[in-house]
>>> print(open('entry12.txt').read())   # compact mmCIF, C-alpha atoms and all ligand atoms
# COMPACT_ATOMS: atom_id res chain seq x y z
CA MET A 1 -202.96 -86.60 -71.90
CA THR A 2 -202.54 -89.62 -74.17
CA GLY A 3 -204.31 -89.85 -77.52
CA ALA A 4 -206.40 -92.75 -76.28
CA ALA A 5 -207.41 -90.93 -73.11
CA LYS A 6 -208.36 -87.83 -75.12
CA GLU A 7 -210.67 -89.95 -77.27
CA SER A 8 -212.35 -91.68 -74.31
CA MET A 9 -215.90 -90.76 -73.39
CA PRO A 10 -216.31 -88.29 -70.53
CA ALA A 11 -217.12 -89.96 -67.19
CA GLY A 12 -220.79 -90.79 -66.78
CA THR A 13 -221.55 -90.69 -70.50
CA THR A 14 -224.24 -93.16 -71.40
CA ALA A 15 -224.73 -92.16 -75.02
CA GLY A 16 -224.26 -94.78 -77.74
CA THR A 17 -225.25 -98.39 -77.90
CA PRO A 18 -223.30 -100.83 -75.71
CA GLN A 19 -221.61 -102.26 -78.83
CA ILE A 20 -220.09 -98.87 -79.67
CA LEU A 21 -218.83 -98.33 -76.13
CA LEU A 22 -217.57 -101.91 -75.95
CA ALA A 23 -215.66 -101.50 -79.22
CA HIS A 24 -214.15 -98.31 -77.92
CA HIS A 25 -213.06 -99.80 -74.59
CA LEU A 26 -211.69 -102.99 -76.18
CA LYS A 27 -209.57 -100.90 -78.54
CA HIS A 28 -208.39 -98.82 -75.61
CA LEU A 29 -207.44 -102.00 -73.73
CA LYS A 30 -205.72 -103.33 -76.88
CA LEU A 31 -207.90 -106.44 -77.18
CA PRO A 32 -208.55 -106.51 -80.95
CA THR A 33 -209.26 -110.24 -81.09
CA VAL A 34 -211.90 -110.03 -78.35
CA LEU A 35 -213.51 -107.20 -80.32
CA ARG A 36 -213.45 -109.15 -83.59
CA GLU A 37 -214.63 -112.46 -82.13
CA TYR A 38 -216.94 -111.74 -79.17
CA ASP A 39 -220.15 -111.78 -81.17
CA LYS A 40 -219.34 -114.91 -83.19
CA VAL A 41 -218.07 -116.82 -80.13
CA ALA A 42 -221.16 -115.73 -78.15
CA ARG A 43 -223.42 -117.23 -80.81
CA GLU A 44 -221.37 -120.46 -80.86
CA CYS A 45 -221.50 -120.68 -77.06
CA ALA A 46 -225.27 -120.05 -77.01
CA ARG A 47 -225.73 -122.79 -79.61
CA ASP A 48 -223.55 -125.27 -77.68
CA GLY A 49 -224.92 -124.35 -74.22
CA VAL A 50 -221.51 -123.11 -72.98
CA ASP A 51 -221.69 -121.07 -69.76
CA HIS A 52 -220.36 -117.53 -69.45
CA PRO A 53 -217.04 -118.24 -67.65
CA ARG A 54 -216.17 -120.64 -70.48
CA TYR A 55 -217.31 -118.08 -73.05
CA LEU A 56 -214.99 -115.51 -71.52
CA LEU A 57 -212.18 -118.07 -71.30
CA ARG A 58 -212.51 -118.89 -75.02
CA LEU A 59 -212.33 -115.22 -75.92
CA VAL A 60 -209.33 -114.53 -73.71
CA GLU A 61 -207.51 -117.57 -75.07
CA LEU A 62 -208.09 -116.39 -78.64
CA GLU A 63 -206.65 -112.99 -77.70
CA LEU A 64 -203.58 -114.63 -76.12
CA ILE A 65 -202.90 -116.82 -79.17
CA ASP A 66 -203.25 -113.84 -81.51
CA ARG A 67 -201.12 -111.62 -79.31
CA GLU A 68 -198.31 -114.21 -79.32
CA ARG A 69 -198.50 -114.42 -83.12
CA ARG A 70 -198.40 -110.62 -83.45
CA MET A 71 -195.39 -110.46 -81.15
CA VAL A 72 -193.48 -113.09 -83.16
CA GLU A 73 -194.24 -111.13 -86.35
CA ARG A 74 -193.04 -107.93 -84.69
CA ARG A 75 -189.80 -109.58 -83.55
CA ILE A 76 -189.21 -110.94 -87.09
CA ARG A 77 -189.69 -107.45 -88.58
CA ALA A 78 -187.41 -105.90 -85.95
CA ALA A 79 -184.67 -108.49 -86.68
CA ARG A 80 -184.36 -107.23 -90.29
CA PHE A 81 -183.74 -110.68 -91.77
CA PRO A 82 -182.93 -110.44 -95.50
CA ALA A 83 -185.26 -113.45 -95.94
CA VAL A 84 -187.29 -115.64 -93.61
CA LYS A 85 -185.85 -119.18 -93.70
CA SER A 86 -186.46 -122.14 -91.45
CA PHE A 87 -185.10 -125.63 -90.87
CA ASP A 88 -188.20 -127.03 -92.61
CA THR A 89 -186.60 -126.14 -95.94
CA PHE A 90 -183.03 -127.08 -94.98
CA ASP A 91 -181.68 -130.34 -96.37
CA PHE A 92 -179.19 -131.67 -93.82
CA THR A 93 -178.09 -134.49 -96.13
CA ALA A 94 -176.61 -131.86 -98.49
CA ILE A 95 -174.00 -130.89 -95.88
CA PRO A 96 -172.70 -134.02 -94.09
CA SER A 97 -170.02 -132.05 -92.18
CA LEU A 98 -172.78 -130.28 -90.22
CA ASN A 99 -173.81 -131.87 -86.92
CA LYS A 100 -177.59 -132.06 -87.34
CA MET A 101 -178.28 -133.06 -83.73
CA LEU A 102 -176.30 -130.06 -82.47
CA VAL A 103 -178.13 -127.68 -84.81
CA LEU A 104 -181.56 -128.99 -83.77
CA GLU A 105 -180.55 -128.68 -80.13
CA LEU A 106 -179.44 -125.08 -80.77
CA ALA A 107 -182.81 -124.38 -82.42
CA ARG A 108 -184.36 -124.94 -78.97
CA CYS A 109 -182.54 -121.75 -77.90
CA GLY A 110 -181.05 -122.96 -74.59
CA TYR A 111 -177.78 -121.33 -75.66
CA ILE A 112 -179.50 -117.92 -75.63
CA LEU A 113 -180.52 -118.38 -72.01
CA ARG A 114 -176.89 -119.37 -71.26
CA ARG A 115 -175.61 -116.38 -73.32
CA GLU A 116 -173.43 -118.61 -75.45
CA ASN A 117 -172.29 -118.02 -79.02
CA ILE A 118 -172.37 -119.91 -82.31
CA ILE A 119 -169.82 -119.69 -85.12
CA ALA A 120 -170.58 -121.23 -88.51
CA LEU A 121 -167.48 -121.71 -90.67
CA GLY A 122 -167.27 -122.93 -94.24
CA ASN A 123 -166.88 -122.09 -97.88
CA SER A 124 -169.43 -120.13 -99.87
CA GLY A 125 -172.88 -121.54 -100.62
CA THR A 126 -172.97 -124.25 -97.94
CA GLY A 127 -176.00 -122.87 -96.09
CA LYS A 128 -174.35 -120.79 -93.33
CA THR A 129 -176.70 -117.84 -93.83
CA HIS A 130 -179.68 -120.20 -94.12
CA VAL A 131 -178.81 -121.85 -90.78
CA ALA A 132 -178.20 -118.46 -89.12
CA LEU A 133 -181.58 -117.20 -90.40
CA ALA A 134 -183.34 -120.37 -89.23
CA LEU A 135 -181.77 -120.06 -85.76
CA GLY A 136 -182.81 -116.39 -85.74
CA LEU A 137 -186.38 -117.30 -86.66
CA ALA A 138 -186.47 -119.99 -83.94
CA ALA A 139 -185.30 -117.37 -81.43
CA CYS A 140 -188.07 -114.94 -82.51
CA GLN A 141 -190.64 -117.73 -82.12
CA LYS A 142 -189.33 -118.51 -78.63
CA GLY A 143 -189.72 -114.87 -77.59
CA PHE A 144 -186.16 -113.53 -77.87
CA SER A 145 -185.25 -110.23 -79.53
CA VAL A 146 -182.97 -110.70 -82.54
CA ALA A 147 -180.92 -108.42 -84.82
CA PHE A 148 -179.39 -109.56 -88.10
CA ALA A 149 -176.71 -107.76 -90.15
CA THR A 150 -173.76 -108.62 -92.34
CA ALA A 151 -170.41 -107.71 -90.79
CA ALA A 152 -169.88 -105.08 -93.50
CA SER A 153 -173.25 -103.42 -92.97
CA LEU A 154 -172.93 -103.55 -89.18
CA VAL A 155 -169.57 -101.80 -89.40
CA ASN A 156 -171.07 -99.20 -91.76
CA GLN A 157 -173.93 -98.61 -89.34
CA LEU A 158 -171.43 -98.17 -86.50
CA LEU A 159 -169.23 -95.75 -88.48
CA GLU A 160 -172.30 -93.75 -89.55
CA ALA A 161 -173.60 -93.64 -85.98
CA ARG A 162 -170.21 -92.44 -84.76
CA ASP A 163 -170.13 -89.64 -87.35
CA GLU A 164 -173.65 -88.62 -86.36
CA LYS A 165 -172.82 -88.74 -82.65
CA ARG A 166 -175.28 -91.50 -81.85
CA LEU A 167 -172.78 -94.35 -81.46
CA LEU A 168 -173.59 -94.87 -77.80
CA ARG A 169 -177.28 -95.34 -78.56
CA LEU A 170 -176.58 -97.90 -81.31
CA GLN A 171 -174.10 -99.72 -79.08
CA ARG A 172 -176.72 -99.91 -76.33
CA GLU A 173 -179.29 -101.28 -78.79
CA LEU A 174 -176.82 -103.89 -80.04
CA GLN A 175 -175.98 -104.83 -76.48
CA ALA A 176 -179.62 -105.19 -75.43
CA VAL A 177 -180.72 -107.60 -78.14
CA LYS A 178 -180.80 -111.23 -76.92
CA LEU A 179 -179.36 -112.64 -80.16
CA LEU A 180 -177.14 -110.73 -82.56
CA ILE A 181 -176.38 -112.40 -85.90
CA VAL A 182 -173.30 -111.15 -87.75
CA ASP A 183 -173.26 -112.73 -91.19
CA GLU A 184 -170.37 -112.94 -93.67
CA LEU A 185 -167.41 -111.93 -91.56
CA GLY A 186 -164.50 -112.29 -93.94
CA TYR A 187 -165.77 -111.23 -97.35
CA VAL A 188 -164.69 -107.61 -96.89
CA PRO A 189 -161.55 -106.52 -95.01
CA LEU A 190 -162.42 -103.91 -92.39
CA SER A 191 -160.78 -100.54 -91.80
CA PRO A 192 -158.87 -100.26 -88.49
CA THR A 193 -161.69 -98.11 -87.03
CA GLY A 194 -164.31 -100.51 -88.39
CA ALA A 195 -162.52 -103.47 -86.82
CA GLU A 196 -162.24 -101.63 -83.46
CA LEU A 197 -165.97 -100.82 -83.49
CA LEU A 198 -166.90 -104.42 -84.34
CA PHE A 199 -164.61 -105.65 -81.58
CA GLU A 200 -166.38 -103.32 -79.12
CA VAL A 201 -169.75 -104.81 -80.07
CA PHE A 202 -168.53 -108.37 -79.38
CA SER A 203 -166.79 -107.20 -76.24
CA GLN A 204 -169.90 -105.44 -74.89
CA ARG A 205 -172.00 -108.52 -75.57
CA TYR A 206 -169.54 -110.90 -73.92
CA GLU A 207 -171.46 -113.03 -71.36
CA ARG A 208 -174.42 -110.63 -71.69
CA GLY A 209 -176.07 -111.96 -74.85
CA SER A 210 -175.64 -114.52 -77.62
CA THR A 211 -173.94 -113.82 -80.91
CA ILE A 212 -173.93 -115.90 -84.08
CA VAL A 213 -171.11 -115.27 -86.53
CA THR A 214 -170.81 -116.84 -89.98
CA SER A 215 -167.55 -116.74 -91.90
CA ASN A 216 -165.99 -118.22 -95.01
CA LEU A 217 -162.57 -117.96 -93.32
CA PRO A 218 -160.97 -120.33 -90.79
CA PHE A 219 -159.98 -118.62 -87.52
CA GLU A 220 -156.31 -118.40 -88.50
CA ASP A 221 -157.27 -116.08 -91.37
CA TRP A 222 -159.44 -113.69 -89.35
CA THR A 223 -156.46 -111.36 -88.88
CA SER A 224 -156.64 -110.57 -92.60
CA VAL A 225 -160.15 -109.15 -92.04
CA LEU A 226 -159.64 -107.45 -88.71
CA GLY A 227 -156.19 -106.11 -89.59
CA SER A 228 -154.49 -106.61 -86.25
CA GLU A 229 -153.35 -109.81 -84.60
CA ARG A 230 -153.86 -108.36 -81.13
CA LEU A 231 -157.46 -107.37 -81.89
CA THR A 232 -158.23 -110.71 -83.56
CA GLY A 233 -156.85 -112.60 -80.56
CA ALA A 234 -158.91 -110.55 -78.10
CA LEU A 235 -162.05 -110.88 -80.24
CA LEU A 236 -161.70 -114.66 -80.65
CA ASP A 237 -161.00 -114.96 -76.93
CA ARG A 238 -164.40 -113.46 -76.08
CA LEU A 239 -166.36 -114.99 -78.93
CA THR A 240 -165.10 -118.55 -78.44
CA HIS A 241 -165.22 -118.69 -74.62
CA HIS A 242 -168.70 -120.30 -74.67
CA VAL A 243 -169.28 -121.39 -78.24
CA SER A 244 -170.72 -124.05 -80.51
CA ILE A 245 -168.83 -124.32 -83.78
CA LEU A 246 -170.74 -125.42 -86.86
CA ALA A 247 -168.37 -126.94 -89.43
CA MET A 248 -169.95 -126.21 -92.80
CA ASN A 249 -167.39 -127.04 -95.43
CA GLY A 250 -168.74 -128.85 -98.44
CA ASP A 251 -170.13 -128.52 -101.94
CA SER A 252 -171.89 -125.25 -102.68
CA TYR A 253 -175.64 -125.91 -102.56
CA ARG A 254 -176.17 -123.11 -105.10
CA LEU A 255 -173.68 -124.58 -107.59
CA ARG A 256 -175.09 -128.05 -107.08
CA GLN A 257 -178.63 -126.78 -107.68
CA SER A 258 -177.64 -124.94 -110.87
CA ALA A 259 -175.58 -127.91 -112.10
CA GLY A 260 -178.65 -130.08 -111.48
CA ARG A 261 -180.81 -127.60 -113.38
CA ARG A 262 -178.32 -127.51 -116.26
CA ARG A 263 -178.35 -131.31 -116.45
CA ALA A 264 -182.16 -131.34 -116.40
CA THR A 265 -182.33 -128.68 -119.14
CA ALA A 266 -179.79 -130.53 -121.28
CA ALA A 267 -181.73 -133.77 -120.85
CA ALA A 268 -185.00 -132.00 -121.75
CA GLU A 269 -183.40 -130.43 -124.84
CA GLN A 270 -182.04 -133.78 -125.91
CA ASN A 271 -185.46 -135.36 -125.46
CA GLN A 272 -187.01 -132.60 -127.56
CA ALA A 273 -184.35 -132.95 -130.24
CA THR A 274 -185.03 -136.67 -130.45
CA PRO A 275 -188.05 -137.42 -132.63
CA ASP A 276 -190.61 -139.94 -131.38
CA ASN A 277 -189.46 -142.58 -133.83
CA ALA A 278 -185.78 -142.27 -132.83
CA ASP A 279 -183.91 -144.99 -130.98
CA PRO A 280 -183.71 -143.68 -127.36
CA GLU A 281 -180.12 -144.94 -127.00
CA THR A 282 -178.56 -143.86 -130.30
CA GLY A 283 -180.97 -141.16 -131.50
CA GLU A 284 -181.13 -142.90 -134.91
CA ILE A 285 -184.47 -142.71 -136.71
CA ILE A 286 -186.24 -146.03 -136.71
CA PRO A 287 -188.12 -146.29 -140.02
P1 LIG B 1 -173.65 -119.44 -97.44
O1 LIG B 1 -174.19 -118.42 -96.50
O2 LIG B 1 -172.94 -120.56 -96.76
O3 LIG B 1 -172.83 -118.84 -98.54
P2 LIG B 1 -176.43 -119.72 -98.12
O4 LIG B 1 -177.04 -120.03 -96.81
O5 LIG B 1 -176.59 -118.33 -98.62
O6 LIG B 1 -174.89 -120.13 -98.14
O7 LIG B 1 -176.98 -120.75 -99.19
C1 LIG B 1 -177.11 -120.44 -100.58
C2 LIG B 1 -178.50 -120.82 -101.07
O8 LIG B 1 -178.67 -122.22 -101.02
C3 LIG B 1 -179.60 -120.23 -100.20
O9 LIG B 1 -180.71 -119.94 -101.03
C4 LIG B 1 -179.94 -121.35 -99.24
O10 LIG B 1 -181.28 -121.27 -98.78
C5 LIG B 1 -179.69 -122.57 -100.08
N1 LIG B 1 -179.16 -123.69 -99.29
C6 LIG B 1 -177.89 -123.88 -98.91
N2 LIG B 1 -177.73 -125.04 -98.27
C7 LIG B 1 -178.95 -125.61 -98.23
C8 LIG B 1 -179.45 -126.85 -97.70
N3 LIG B 1 -178.64 -127.74 -97.11
N4 LIG B 1 -180.78 -127.11 -97.86
C9 LIG B 1 -181.58 -126.23 -98.50
N5 LIG B 1 -181.17 -125.06 -99.01
C10 LIG B 1 -179.87 -124.74 -98.89
MG MG B 2 -173.95 -116.38 -96.56
>>> encode(input="entry12.txt", output="structure tokens", more="lines below")
Ligand code: ADP
Ligand code: MG
Amino acid sequence: MTGAAKESMPAGTTAGTPQILLAHHLKHLKLPTVLREYDKVARECARDGVDHPRYLLRLVELELIDRERRMVERRIRAARFPAVKSFDTFDFTAIPSLNKMLVLELARCGYILRRENIIALGNSGTGKTHVALALGLAACQKGFSVAFATAASLVNQLLEARDEKRLLRLQRELQAVKLLIVDELGYVPLSPTGAELLFEVFSQRYERGSTIVTSNLPFEDWTSVLGSERLTGALLDRLTHHVSILAMNGDSYRLRQSAGRRRATAAAEQNQATPDNADPETGEIIP
């Protein structure tokens, strides 16, 4: 017997006011918004002369909207993003090498339905993780399941799962997710076993689900991370069969921001150091 069924009133019970029974049944049916809103909406409908089918429709629509929002939040939590970032806060003018039209098209998630991949390549600080997170968020909002991990942490999870004899389960989970984001391939060289396990993940997802990979290394250097030329070739073969490549080489946004901040601080300090009666050009005191 389920917990909910155990709590339900015995058949034929009439005890309790209708509100108490209604609250109980609405919880049982998992309609929390109907429960929260039915009284308020009823009063609004009475005031506005709205008939009962429309009253019910309003309530059900509120429940649907709330349910969708709760599901998006659940998908975002399940994705384990290190931060929630969107394209609203991404400045495309800072990275001219990036094809903005392509990125905005990808944000519509058609590639996930087609089980295609995305690879973002470029030096450090150019917004690769930001773009991957924003694409991940867009996928959650469109109803797709997402998982995010750095390459190093994914490999650690796989090695740990193997040691604990639950590799198959983790592999199945990684295969089932509609979008897998593997961030920072290239910062840490992988052990031969680690590289094999990562290869298996890509291989099992091939034409079954979408994968986004970000890397600071051009393809020709991936062998240095994966260790073997044969493995790298086979991995790239699968990953790049249906792929959009995002070229993200440019100035580091982080460095540019901190250089900008340093300039602003220096300017502010200079302004402070200059008395009000000083010449703004030379700093000389004007008597
Ligand atoms: P990468 O993964 O390429 O090393 P990140 O995505 O981590 O770079 O970017 C570094 C920081 O700069 C992050 O806080 C990110 O949100 C921000 N950032 C990078 N590029 C942009 C951009 N074009 N517009 C807004 N913020 C950016
Ligand atoms: Mg990054």
>>> closest_atom_pairs(input="entry12.txt", of="chain A", to="ligand LIG 1 (chain B)", cutoff="7 Å", atoms="all atoms listed in the file", output="tab-separated table")
residue	atom	partner	partner_atom	distance
A:Thr89	CA	B:LIG1	C9	5.6
A:Phe90	CA	B:LIG1	N4	3.7
A:Asp91	CA	B:LIG1	N4	3.7
A:Phe92	CA	B:LIG1	N3	5.2
A:Thr93	CA	B:LIG1	N3	6.8
A:Ala94	CA	B:LIG1	N3	4.8
A:Ile95	CA	B:LIG1	N3	5.7
A:Gly122	CA	B:LIG1	O2	6.6
A:Asn123	CA	B:LIG1	O2	6.3
A:Ser124	CA	B:LIG1	O3	3.9
A:Gly125	CA	B:LIG1	O3	3.4
A:Thr126	CA	B:LIG1	O2	3.9
A:Gly127	CA	B:LIG1	O4	3.1
A:Lys128	CA	B:LIG1	O2	3.7
A:Thr129	CA	B:LIG1	O1	3.7
A:His130	CA	B:LIG1	O4	3.8
A:Val131	CA	B:LIG1	O4	6.5
A:Tyr253	CA	B:LIG1	C6	4.7
A:Arg254	CA	B:LIG1	O8	4.9
>>> axis_aligned_box(input="entry12.txt", around="stretch 188-206 of chain A", padding_each_side="4 Å", output="AutoDock Vina command-line options")
--center_x -165.4 --center_y -104.5 --center_z -85.4 --size_x 21.1 --size_y 20.8 --size_z 31.0
>>> atom_distance(input="entry12.txt", atom1="atom CA of A:Arg75", atom2="atom CA of A:Leu98")
27.6 Å
>>> closest_residue(input="entry12.txt", among="A:Phe219, A:Tyr187, A:Tyr55, A:Phe199", to="ligand MG 2 (chain B)", atoms="only C-alpha atoms and all ligand atoms")
A:Tyr187
>>> atom_distance(input="entry12.txt", atom1="atom CA of A:Leu198", atom2="atom CA of A:Ile118")
16.6 Å
>>> closest_residue(input="entry12.txt", among="A:Val41, A:Val146, A:Ala132, A:Ile245", to="A:Arg77", atoms="all atoms listed in the file")
A:Val146
>>> closest_residue(input="entry12.txt", among="A:Ile119, A:Asp66, A:Arg54, A:Thr17", to="A:Thr33", atoms="only C-alpha atoms")
A:Asp66
>>> atom_distance(input="entry12.txt", atom1="atom CA of A:Leu168", atom2="atom CA of A:Asn156")
14.8 Å
>>> closest_residue(input="entry12.txt", among="A:Val72, A:Leu231, A:Ile20, A:Leu135", to="A:Leu102", atoms="all atoms listed in the file")
A:Leu135
>>> residues_around(input="entry12.txt", residues="A:Arg108", least_positions_apart="5", cutoff="10 Å", atoms="all atoms listed in the file", output="VMD selection string")
chain A and resid 103 135 138 to 139 142
>>> build_atoms(input="entry12.txt", residues="stretch 120-148 of chain A", atoms="N, CA and C atoms", output="short mmCIF file (atom, residue, chain, number, x, y, z; two decimals), keeping the file's coordinate frame")
data_model
loop_
_atom_site.label_atom_id
_atom_site.label_comp_id
_atom_site.auth_asym_id
_atom_site.auth_seq_id
_atom_site.Cartn_x
_atom_site.Cartn_y
_atom_site.Cartn_z
N ALA A 120 -170.45 -120.32 -87.37
CA ALA A 120 -170.58 -121.23 -88.51
C ALA A 120 -169.47 -120.91 -89.50
N LEU A 121 -168.63 -121.91 -89.78
CA LEU A 121 -167.48 -121.71 -90.67
C LEU A 121 -167.59 -122.63 -91.87
N GLY A 122 -167.28 -122.08 -93.05
CA GLY A 122 -167.27 -122.93 -94.24
C GLY A 122 -167.24 -122.10 -95.50
N ASN A 123 -166.97 -122.80 -96.60
CA ASN A 123 -166.88 -122.09 -97.88
C ASN A 123 -168.24 -121.57 -98.32
N SER A 124 -168.22 -120.83 -99.41
CA SER A 124 -169.43 -120.13 -99.87
C SER A 124 -170.50 -121.11 -100.35
N GLY A 125 -171.75 -120.79 -100.06
CA GLY A 125 -172.88 -121.54 -100.62
C GLY A 125 -173.25 -122.80 -99.87
N THR A 126 -172.72 -122.99 -98.66
CA THR A 126 -172.97 -124.25 -97.94
C THR A 126 -174.13 -124.14 -96.94
N GLY A 127 -174.81 -122.99 -96.94
CA GLY A 127 -176.00 -122.87 -96.09
C GLY A 127 -175.77 -122.17 -94.76
N LYS A 128 -174.64 -121.47 -94.61
CA LYS A 128 -174.35 -120.79 -93.33
C LYS A 128 -175.40 -119.72 -93.03
N THR A 129 -175.70 -118.89 -94.05
CA THR A 129 -176.70 -117.84 -93.83
C THR A 129 -178.07 -118.46 -93.57
N HIS A 130 -178.39 -119.52 -94.31
CA HIS A 130 -179.68 -120.20 -94.12
C HIS A 130 -179.81 -120.68 -92.67
N VAL A 131 -178.77 -121.34 -92.16
CA VAL A 131 -178.81 -121.85 -90.78
C VAL A 131 -178.91 -120.69 -89.78
N ALA A 132 -178.15 -119.62 -90.03
CA ALA A 132 -178.20 -118.46 -89.12
C ALA A 132 -179.60 -117.85 -89.12
N LEU A 133 -180.21 -117.76 -90.31
CA LEU A 133 -181.58 -117.20 -90.40
C LEU A 133 -182.58 -118.11 -89.68
N ALA A 134 -182.41 -119.42 -89.86
CA ALA A 134 -183.34 -120.37 -89.23
C ALA A 134 -183.20 -120.32 -87.71
N LEU A 135 -181.97 -120.18 -87.21
CA LEU A 135 -181.77 -120.06 -85.76
C LEU A 135 -182.36 -118.74 -85.26
N GLY A 136 -182.23 -117.69 -86.09
CA GLY A 136 -182.81 -116.39 -85.74
C GLY A 136 -184.32 -116.46 -85.67
N LEU A 137 -184.91 -117.15 -86.63
CA LEU A 137 -186.38 -117.30 -86.66
C LEU A 137 -186.85 -118.09 -85.43
N ALA A 138 -186.12 -119.18 -85.12
CA ALA A 138 -186.47 -119.99 -83.94
C ALA A 138 -186.43 -119.12 -82.68
N ALA A 139 -185.42 -118.24 -82.60
CA ALA A 139 -185.30 -117.37 -81.43
C ALA A 139 -186.49 -116.40 -81.35
N CYS A 140 -186.90 -115.83 -82.50
CA CYS A 140 -188.07 -114.94 -82.51
C CYS A 140 -189.30 -115.69 -82.03
N GLN A 141 -189.45 -116.94 -82.49
CA GLN A 141 -190.64 -117.73 -82.12
C GLN A 141 -190.63 -118.09 -80.64
N LYS A 142 -189.43 -118.17 -80.05
CA LYS A 142 -189.33 -118.51 -78.63
C LYS A 142 -189.40 -117.26 -77.75
N GLY A 143 -189.51 -116.08 -78.39
CA GLY A 143 -189.72 -114.87 -77.59
C GLY A 143 -188.48 -114.02 -77.36
N PHE A 144 -187.38 -114.32 -78.05
CA PHE A 144 -186.16 -113.53 -77.87
C PHE A 144 -186.06 -112.43 -78.92
N SER A 145 -185.49 -111.29 -78.54
CA SER A 145 -185.25 -110.23 -79.53
C SER A 145 -184.00 -110.58 -80.33
N VAL A 146 -184.05 -110.31 -81.64
CA VAL A 146 -182.97 -110.70 -82.54
C VAL A 146 -182.61 -109.53 -83.45
N ALA A 147 -181.33 -109.39 -83.79
CA ALA A 147 -180.92 -108.42 -84.82
C ALA A 147 -179.98 -109.13 -85.78
N PHE A 148 -180.19 -108.91 -87.07
CA PHE A 148 -179.39 -109.56 -88.10
C PHE A 148 -178.70 -108.49 -88.95
#
